[in-house]
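**Q** Dropping in model16.txt, which is compact mmCIF, C-alpha atoms:
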# COMPACT_ATOMS: atom_id res chain seq x y z
CA MET A 1 11.67 14.88 -9.62
CA PHE A 2 12.24 12.41 -6.77
CA ALA A 3 8.65 11.19 -6.68
CA PRO A 4 9.61 7.89 -8.37
CA PHE A 5 11.51 6.94 -5.21
CA TYR A 6 8.31 7.12 -3.20
CA ALA A 7 7.23 3.54 -3.89
CA TRP A 8 10.38 2.30 -2.21
CA MET A 9 10.23 4.92 0.54
CA ARG A 10 6.64 3.89 1.28
CA ARG A 11 7.72 0.31 1.94
CA VAL A 12 10.53 1.43 4.25
CA SER A 13 8.38 3.89 6.18
CA LEU A 14 5.60 1.32 6.57
CA LEU A 15 7.97 -1.19 8.11
CA PHE A 16 8.82 1.33 10.81
CA PHE A 17 5.15 2.19 11.20
CA TRP A 18 4.00 -1.38 11.77
CA CYS A 19 6.80 -2.01 14.25
CA ALA A 20 5.76 1.08 16.19
CA LEU A 21 2.09 0.06 16.03
CA SER A 22 2.83 -3.22 17.82
CA SER A 23 3.52 -1.27 21.05
CA PRO A 24 0.58 0.05 23.11
CA ALA A 25 -0.03 3.75 22.69
CA GLY A 26 -1.07 4.27 26.30
CA ALA A 27 -4.67 4.56 27.45
CA VAL A 28 -6.54 7.72 26.48
CA GLY A 29 -8.21 8.67 29.78
CA THR A 30 -9.87 6.53 32.41
CA ALA A 31 -11.65 3.48 31.02
CA VAL A 32 -15.39 3.78 30.48
CA GLY A 33 -17.44 2.28 33.31
CA THR A 34 -14.73 2.82 35.94
CA VAL A 35 -16.49 3.62 39.24
CA ILE A 36 -15.13 6.66 41.07
CA GLU A 37 -16.04 6.68 44.76
CA ASN A 38 -15.37 9.30 47.42
CA THR A 39 -16.05 9.51 51.15
CA ALA A 40 -15.32 12.45 53.44
CA VAL A 41 -14.11 12.07 57.05
CA VAL A 42 -14.57 14.56 59.92
CA ASN A 43 -12.17 14.19 62.85
CA PHE A 44 -13.04 15.89 66.16
CA GLU A 45 -12.70 15.53 69.92
CA LEU A 46 -15.42 15.00 72.47
CA ALA A 47 -14.38 15.55 76.05
CA GLY A 48 -10.79 14.90 75.05
CA THR A 49 -11.60 11.74 73.15
CA PRO A 50 -10.68 11.68 69.41
CA LEU A 51 -13.63 10.71 67.27
CA ALA A 52 -14.37 10.52 63.54
CA ILE A 53 -17.47 10.28 61.43
CA GLN A 54 -17.77 9.56 57.72
CA SER A 55 -20.04 11.08 55.15
CA ASN A 56 -22.06 9.03 52.77
CA THR A 57 -20.09 7.69 49.81
CA THR A 58 -20.64 9.24 46.40
CA ALA A 59 -20.11 7.09 43.34
CA LEU A 60 -20.30 7.51 39.60
CA ALA A 61 -19.36 5.48 36.54
CA VAL A 62 -17.06 7.18 34.01
CA ALA A 63 -18.90 7.97 30.77
CA GLU A 64 -17.65 6.91 27.36
CA ARG A 65 -15.82 9.58 25.39
CA ILE A 66 -16.07 9.08 21.61
CA ASN A 67 -12.94 10.09 19.69
CA VAL A 68 -11.24 8.81 16.53
CA THR A 69 -8.27 9.72 14.38
CA VAL A 70 -7.44 8.85 10.77
CA THR A 71 -3.78 9.11 9.74
CA LEU A 72 -2.29 8.73 6.27
CA GLN A 73 0.68 6.34 6.17
CA SER A 74 1.50 6.36 2.44
CA PRO A 75 3.77 9.00 0.94
CA GLN A 76 2.64 10.38 -2.41
CA VAL A 77 2.10 7.31 -4.63
CA PRO A 78 3.54 7.44 -8.18
CA VAL A 79 1.17 5.94 -10.77
CA ALA A 80 0.75 5.75 -14.54
CA PRO A 81 -2.40 6.67 -16.52
CA GLY A 82 -4.72 3.65 -16.67
CA ASP A 83 -3.27 1.92 -13.59
CA THR A 84 -5.79 -0.09 -11.57
CA GLY A 85 -5.95 -1.13 -7.92
CA GLN A 86 -3.66 1.58 -6.57
CA ALA A 87 -3.57 1.58 -2.76
CA LEU A 88 -3.26 4.33 -0.16
CA LEU A 89 -2.69 3.15 3.42
CA PHE A 90 -4.24 4.83 6.47
CA THR A 91 -4.64 3.96 10.12
CA VAL A 92 -7.87 4.40 12.03
CA THR A 93 -7.37 4.70 15.79
CA ASN A 94 -9.98 4.71 18.53
CA THR A 95 -8.72 7.53 20.75
CA GLY A 96 -11.73 7.33 23.05
CA ASN A 97 -11.88 5.46 26.35
CA GLY A 98 -14.25 2.64 25.40
CA THR A 99 -15.01 0.16 22.64
CA GLU A 100 -16.45 1.81 19.56
CA ALA A 101 -17.41 0.78 16.01
CA PHE A 102 -16.66 3.05 13.08
CA GLN A 103 -18.17 3.26 9.62
CA LEU A 104 -15.65 3.95 6.85
CA GLY A 105 -16.09 5.99 3.70
CA ILE A 106 -14.10 6.90 0.58
CA ASP A 107 -14.29 10.17 -1.36
CA SER A 108 -12.12 10.68 -4.44
CA VAL A 109 -13.83 13.81 -5.78
CA LEU A 110 -11.93 16.48 -3.86
CA ALA A 111 -11.01 20.08 -4.48
CA GLY A 112 -7.40 21.10 -4.88
CA ASP A 113 -6.08 18.32 -7.12
CA ASP A 114 -5.72 17.85 -10.89
CA PHE A 115 -7.80 14.72 -11.49
CA ASP A 116 -10.28 12.49 -9.69
CA PRO A 117 -9.17 8.90 -9.05
CA THR A 118 -11.93 6.33 -9.57
CA PRO A 119 -12.72 4.23 -6.48
CA ALA A 120 -12.50 0.51 -7.15
CA VAL A 121 -15.38 -1.80 -6.22
CA PRO A 122 -14.93 -2.39 -3.37
CA GLY A 123 -12.84 0.69 -2.65
CA ILE A 124 -11.90 -0.01 0.97
CA TYR A 125 -9.93 -2.96 2.36
CA PHE A 126 -8.45 -3.83 5.74
CA ASP A 127 -4.72 -4.52 5.96
CA THR A 128 -5.60 -7.97 7.22
CA ASP A 129 -2.06 -9.34 7.45
CA GLY A 130 -0.57 -6.12 8.84
CA SER A 131 2.07 -6.02 6.10
CA GLY A 132 1.42 -2.47 4.94
CA ASP A 133 1.16 -3.72 1.34
CA PHE A 134 -2.14 -4.31 -0.43
CA ASN A 135 -2.41 -7.97 -1.44
CA ALA A 136 -4.89 -10.72 -2.22
CA GLY A 137 -5.27 -11.72 1.43
CA ASP A 138 -6.62 -8.36 2.56
CA GLN A 139 -10.31 -8.33 3.49
CA PRO A 140 -12.76 -6.01 1.72
CA TYR A 141 -14.88 -3.67 3.84
CA THR A 142 -18.68 -3.63 3.57
CA PRO A 143 -20.41 -0.75 5.41
CA GLY A 144 -22.69 -1.99 8.18
CA THR A 145 -21.40 -5.55 7.88
CA ASN A 146 -17.83 -5.51 9.14
CA ASP A 147 -17.41 -2.02 10.55
CA PRO A 148 -14.18 -2.09 12.61
CA ASP A 149 -15.01 -2.45 16.31
CA LEU A 150 -12.01 -1.07 18.19
CA VAL A 151 -11.20 -1.08 21.89
CA ALA A 152 -9.68 2.06 23.42
CA ASP A 153 -6.33 2.91 21.77
CA GLU A 154 -6.68 0.16 19.16
CA SER A 155 -5.62 0.92 15.57
CA ILE A 156 -6.38 -0.81 12.30
CA GLY A 157 -4.79 -0.44 8.87
CA VAL A 158 -7.15 0.55 6.06
CA PHE A 159 -6.49 0.77 2.31
CA LEU A 160 -8.28 3.03 -0.12
CA ILE A 161 -8.16 1.46 -3.58
CA ASN A 162 -8.51 3.62 -6.69
CA ASP A 163 -8.13 3.23 -10.45
CA ILE A 164 -6.31 5.95 -12.37
CA PRO A 165 -7.99 7.51 -15.43
CA THR A 166 -6.27 7.33 -18.80
CA GLY A 167 -4.95 10.28 -20.79
CA LEU A 168 -3.34 12.15 -17.90
CA ALA A 169 -0.15 14.20 -18.25
CA ASN A 170 2.98 13.66 -16.21
CA GLY A 171 3.10 15.58 -12.92
CA LEU A 172 -0.67 15.75 -12.26
CA THR A 173 -1.98 14.81 -8.82
CA GLY A 174 -5.20 13.15 -7.68
CA ARG A 175 -6.45 12.85 -4.09
CA SER A 176 -8.56 10.36 -2.16
CA GLU A 177 -10.01 10.72 1.35
CA LEU A 178 -10.81 8.18 4.08
CA THR A 179 -13.46 9.04 6.67
CA ALA A 180 -14.14 7.14 9.90
CA THR A 181 -17.42 7.91 11.68
CA SER A 182 -18.58 6.60 15.05
CA THR A 183 -21.63 4.39 14.70
CA THR A 184 -22.85 5.59 18.11
CA GLY A 185 -23.10 9.16 16.89
CA THR A 186 -21.40 12.41 16.00
CA GLY A 187 -21.87 16.03 16.93
CA ALA A 188 -20.33 18.99 18.66
CA PRO A 189 -17.79 18.14 21.35
CA GLY A 190 -19.64 17.64 24.62
CA THR A 191 -22.82 16.31 23.03
CA VAL A 192 -24.31 13.65 25.33
CA ILE A 193 -25.87 10.49 23.85
CA ALA A 194 -27.82 9.01 26.74
CA ASN A 195 -27.19 5.39 27.75
CA GLN A 196 -25.29 4.54 24.54
CA GLY A 197 -21.83 4.07 26.04
CA ASP A 198 -20.27 0.76 27.06
CA GLY A 199 -22.35 -0.91 29.76
CA GLY A 200 -25.21 1.54 29.31
CA VAL A 201 -23.43 4.65 30.60
CA ASN A 202 -23.78 7.91 28.73
CA ALA A 203 -21.62 8.50 25.66
CA VAL A 204 -20.09 11.95 25.21
CA ILE A 205 -18.76 13.22 21.88
CA GLY A 206 -15.07 14.12 22.23
CA SER A 207 -12.90 16.75 20.58
CA THR A 208 -12.95 15.06 17.14
CA GLY A 209 -16.74 15.23 16.93
CA GLY A 210 -16.87 11.43 16.60
CA GLU A 211 -15.52 11.61 13.04
CA ALA A 212 -12.09 11.98 11.44
CA ARG A 213 -10.61 12.04 7.94
CA ASP A 214 -7.31 12.24 6.10
CA VAL A 215 -6.27 12.52 2.46
CA GLY A 216 -3.74 10.62 0.33
CA GLU A 217 -2.36 11.61 -3.05
CA TYR A 218 -1.38 9.97 -6.33
CA LEU A 219 1.20 11.46 -8.72
CA ILE A 220 1.21 10.76 -12.44
CA SER A 221 4.83 9.82 -13.15
CA ASP A 222 6.47 8.74 -16.39
CA VAL A 223 9.22 6.82 -14.62
CA LEU A 224 9.19 4.22 -11.87
CA LEU A 225 12.22 3.13 -9.85
CA SER A 226 12.89 0.13 -7.68
CA VAL A 227 15.46 0.26 -4.89
CA VAL A 228 16.60 -2.96 -3.19
CA LYS A 229 19.05 -3.03 -0.28
CA SER A 230 20.84 -6.10 1.07
CA GLN A 231 23.51 -6.73 3.70
CA LEU A 232 26.34 -9.21 4.22
CA VAL A 233 27.95 -9.89 7.61
CA ASN A 234 31.61 -10.89 8.09
CA ASP A 235 32.68 -11.35 11.70
CA PRO A 236 36.28 -11.20 13.00
CA PHE A 237 36.39 -15.01 13.30
CA GLY A 238 35.63 -15.82 9.69
CA GLY A 239 31.93 -16.38 10.22
CA ASN A 240 28.81 -14.33 9.59
CA GLU A 241 27.59 -13.52 13.11
CA PRO A 242 26.71 -9.85 13.82
CA VAL A 243 29.01 -9.46 16.82
CA PRO A 244 30.86 -6.26 17.77
CA GLY A 245 33.71 -5.80 15.32
CA ALA A 246 31.86 -7.52 12.45
CA THR A 247 31.86 -5.79 9.08
CA LEU A 248 28.50 -5.08 7.41
CA THR A 249 28.62 -4.76 3.63
CA TYR A 250 25.55 -2.96 2.28
CA THR A 251 24.52 -3.21 -1.38
CA ILE A 252 21.92 -0.89 -2.90
CA VAL A 253 20.63 -1.64 -6.42
CA VAL A 254 18.60 1.03 -8.24
CA ASN A 255 16.65 0.11 -11.39
CA VAL A 256 14.48 2.16 -13.73
CA ASN A 257 11.49 -0.03 -14.52
CA SER A 258 9.64 2.08 -17.08
CA PRO A 259 10.22 4.48 -19.92
CA GLY A 260 11.14 8.04 -18.99
CA THR A 261 13.97 9.72 -17.14
CA ALA A 262 14.48 10.01 -13.38
CA ALA A 263 16.33 13.32 -13.46
CA ALA A 264 18.96 14.36 -10.91
CA SER A 265 18.63 11.12 -8.92
CA VAL A 266 20.47 10.98 -5.59
CA VAL A 267 20.77 8.08 -3.14
CA ARG A 268 21.32 8.98 0.53
CA ASP A 269 21.77 6.28 3.17
CA ALA A 270 22.32 7.17 6.83
CA ILE A 271 24.87 5.08 8.71
CA PRO A 272 22.96 2.83 11.15
CA ALA A 273 23.16 3.43 14.87
CA PHE A 274 25.68 1.26 16.74
CA SER A 275 27.98 1.06 13.75
CA THR A 276 30.79 3.11 12.20
CA TYR A 277 31.41 3.80 8.53
CA VAL A 278 34.50 2.14 6.98
CA PRO A 279 36.49 4.94 5.32
CA GLY A 280 36.97 4.60 1.57
CA SER A 281 34.45 1.78 1.19
CA ILE A 282 31.96 3.43 -1.23
CA THR A 283 31.75 2.07 -4.79
CA LEU A 284 29.36 2.75 -7.67
CA ASN A 285 29.10 -0.05 -10.22
CA GLY A 286 32.45 -1.35 -8.97
CA ALA A 287 34.30 1.98 -9.24
CA ALA A 288 35.63 3.57 -6.05
CA ILE A 289 34.15 6.86 -4.81
CA SER A 290 36.12 9.03 -2.43
CA ASP A 291 34.77 10.11 0.93
CA LEU A 292 35.35 13.81 0.14
CA VAL A 293 33.22 16.27 -1.78
CA ASP A 294 35.05 16.41 -5.10
CA THR A 295 34.47 15.68 -8.79
CA ASP A 296 33.25 12.09 -8.44
CA GLU A 297 29.64 10.97 -7.89
CA GLY A 298 29.49 10.89 -4.12
CA GLU A 299 30.92 11.32 -0.66
CA PHE A 300 30.62 10.42 3.00
CA ASP A 301 28.57 13.32 4.34
CA THR A 302 29.14 14.31 7.98
CA SER A 303 27.39 17.68 7.87
CA GLY A 304 24.38 16.15 9.63
CA ALA A 305 23.63 12.53 10.43
CA PRO A 306 26.60 10.64 8.90
CA SER A 307 25.42 9.38 5.51
CA VAL A 308 26.64 7.86 2.27
CA VAL A 309 25.58 10.06 -0.65
CA VAL A 310 25.76 8.96 -4.30
CA ARG A 311 24.51 11.10 -7.20
CA LEU A 312 23.25 8.92 -10.03
CA GLY A 313 22.21 11.80 -12.27
CA ASP A 314 19.62 11.33 -15.00
CA LEU A 315 18.61 7.67 -15.05
CA THR A 316 16.84 5.73 -17.79
CA GLN A 317 15.91 2.10 -18.23
CA ALA A 318 18.65 1.70 -20.85
CA GLN A 319 21.38 2.35 -18.27
CA GLY A 320 20.56 -0.82 -16.36
CA PRO A 321 21.06 -1.45 -12.65
CA GLN A 322 23.07 1.07 -10.62
CA THR A 323 24.85 -0.72 -7.77
CA ILE A 324 26.18 1.10 -4.70
CA VAL A 325 28.25 -0.69 -2.06
CA PHE A 326 29.66 0.57 1.25
CA GLN A 327 30.67 -0.91 4.61
CA THR A 328 30.27 -0.27 8.31
CA VAL A 329 31.64 -2.00 11.42
CA ILE A 330 29.47 -2.90 14.41
CA ASP A 331 30.66 -0.91 17.43
Render the structure in this file as structure tokens.

**A**
Amino acid sequence: MFAPFYAWMRRVSLLFFWCALSSPAGAVGTAVGTVIENTAVVNFELAGTPLAIQSNTTALAVAERINVTVTLQSPQVPVAPGDTGQALLFTVTNTGNGTEAFQLGIDSVLAGDDFDPTPAVPGIYFDTDGSGDFNAGDQPYTPGTNDPDLVADESIGVFLINDIPTGLANGLTGRSELTATSTTGTGAPGTVIANQGDGGVNAVIGSTGGEARDVGEYLISDVLLSVVKSQLVNDPFGGNEPVPGATLTYTIVVNVNSPGTAAASVVRDAIPAFSTYVPGSITLNGAAISDLVDTDEGEFDTSGAPSVVVRLGDLTQAQGPQTIVFQTVID
């Protein structure tokens, strides 16, 4: 019943994802074309005189290993029957050791789901601005025209865009798959493609077979929620600088934006690192909530990671915004 929260959770998780993506992943093996040389030395004595001779030097250029991964970034996406332009975000990563181009494909007729989403035309876009959200500035993909050409360890965000059929019941799921295929070739791991690697060295198919895929999922949901969080800083000197000792006031506003009921809704917010919860600071729609587990709607939960927990119960659009406030202090 918590699927309606996924739209918000997707935005939060994608923010963390794009921050992480900005850091290098670390090279996957020695770079293609690197020359490895080796020379042996024999030391000996002749009539008491130390001498040494060297062998000939062997040399070889490292071949290109072709590997790719596709990783879903979107949680299950709640949709309504008849929705259009619904996006699933993936990353395609070149996990080989050279530069490689990949052809992308979409398949929305998969076994194991309840309905088949309908790919839009075009059905694949690049996350051009790196925002993690599908928008008008994102570039459409055309096979053979703008296949992503990725250096070793480089990743790119890719959206699959589908329309949702009408007449579907609440709770049904539909799946869509992104495939990335090396344009140099595919095959069993270890397959050699002569002279097709960077700089004319041999290319060798890696453990992924030169192709990878992952699947995202849509959920038909009769209720959609929005969750917006804001913060206010009050420092010990009467200003709003986030210095140690400053108080952070967090406000979370939950809205039901469609007909239907979000049953048994619960908000859980972990206390940020480098800060300490202010005892007795939780309120729901202006009414105080105790820190203990009792008869009111929430508590300060210390059974795991310290968290503020507020149970909103069965929510409908008619109830209006639900506003949660609590405070922490910067350590």

**Q** To one decimal place, how far is CA of Ser176 (chain A) from CA of Val92 (chain A) in Å?

**A** 15.4 Å

**Q** Could you jot down the CA of Asn38 (chain A) to CA of Gly197 (chain A) separation for me, Å, one decimal place?

**A** 22.9 Å

**Q** I'd like to know which of A:Ile282, A:Ala264, A:Val293, A:Leu51 is closest to Thr323 (chain A), using only C-alpha atoms.

**A** A:Ile282

**Q** Would you mind telling me which residue in A:Asn135, A:Thr34, A:Asn67, A:Thr249 lies nearest to Val201 (chain A) when using only C-alpha atoms?

**A** A:Thr34

**Q** Using only C-alpha atoms, give me every residue within 9 Å of (-13.3, 7.8, 40.4) in file coordinates, as a PDB file with C-alpha atoms, in the coordinates of the input.

**A**
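Generated file (part.pdb):
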ATOM      1  CA  THR A  30      -9.870   6.530  32.410  1.00  0.00           C
ATOM      2  CA  THR A  34     -14.730   2.820  35.940  1.00  0.00           C
ATOM      3  CA  VAL A  35     -16.490   3.620  39.240  1.00  0.00           C
ATOM      4  CA  ILE A  36     -15.130   6.660  41.070  1.00  0.00           C
ATOM      5  CA  GLU A  37     -16.040   6.680  44.760  1.00  0.00           C
ATOM      6  CA  ASN A  38     -15.370   9.300  47.420  1.00  0.00           C
ATOM      7  CA  ALA A  59     -20.110   7.090  43.340  1.00  0.00           C
ATOM      8  CA  LEU A  60     -20.300   7.510  39.600  1.00  0.00           C
ATOM      9  CA  ALA A  61     -19.360   5.480  36.540  1.00  0.00           C
ATOM     10  CA  VAL A  62     -17.060   7.180  34.010  1.00  0.00           C
TER      11      VAL A  62
END

**Q** Under the rule that all atoms listed in the file are counted, which of A:Phe274, A:Phe326, A:Tyr218, A:Phe300 is the nearest residue to Asp163 (chain A)?

**A**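 Distance minimum relative to Asp163 (chain A) lands on A:Tyr218.
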
**Q** With N, CA and C atoms as the goal, would you fill in the gaps in region 182-194 of chain A and present it as a short mmCIF file (atom, residue, chain, number, x, y, z; two decimals), in the coordinates of the input?

**A**
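That gives us selection38.cif:
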data_model
loop_
_atom_site.label_atom_id
_atom_site.label_comp_id
_atom_site.auth_asym_id
_atom_site.auth_seq_id
_atom_site.Cartn_x
_atom_site.Cartn_y
_atom_site.Cartn_z
N SER A 182 -18.05 7.43 13.97
CA SER A 182 -18.58 6.60 15.05
C SER A 182 -20.00 6.16 14.73
N THR A 183 -20.28 4.88 14.93
CA THR A 183 -21.63 4.39 14.70
C THR A 183 -22.56 4.75 15.86
N THR A 184 -22.01 5.14 17.00
CA THR A 184 -22.85 5.59 18.11
C THR A 184 -23.41 6.97 17.84
N GLY A 185 -22.60 7.83 17.21
CA GLY A 185 -23.10 9.16 16.89
C GLY A 185 -21.98 10.16 16.73
N THR A 186 -22.33 11.30 16.18
CA THR A 186 -21.40 12.41 16.00
C THR A 186 -22.08 13.68 16.48
N GLY A 187 -21.29 14.75 16.52
CA GLY A 187 -21.87 16.03 16.93
C GLY A 187 -20.81 16.94 17.48
N ALA A 188 -21.25 18.05 18.05
CA ALA A 188 -20.33 18.99 18.66
C ALA A 188 -19.70 18.37 19.89
N PRO A 189 -18.42 18.67 20.15
CA PRO A 189 -17.79 18.14 21.35
C PRO A 189 -18.63 18.47 22.60
N GLY A 190 -18.82 17.47 23.43
CA GLY A 190 -19.64 17.64 24.62
C GLY A 190 -21.06 17.15 24.47
N THR A 191 -21.46 16.84 23.25
CA THR A 191 -22.82 16.31 23.03
C THR A 191 -22.98 14.98 23.78
N VAL A 192 -24.05 14.86 24.54
CA VAL A 192 -24.31 13.65 25.33
C VAL A 192 -25.31 12.76 24.57
N ILE A 193 -24.97 11.48 24.44
CA ILE A 193 -25.87 10.49 23.85
C ILE A 193 -26.22 9.53 24.99
N ALA A 194 -27.43 9.68 25.51
CA ALA A 194 -27.82 9.01 26.74
C ALA A 194 -27.80 7.49 26.60
#
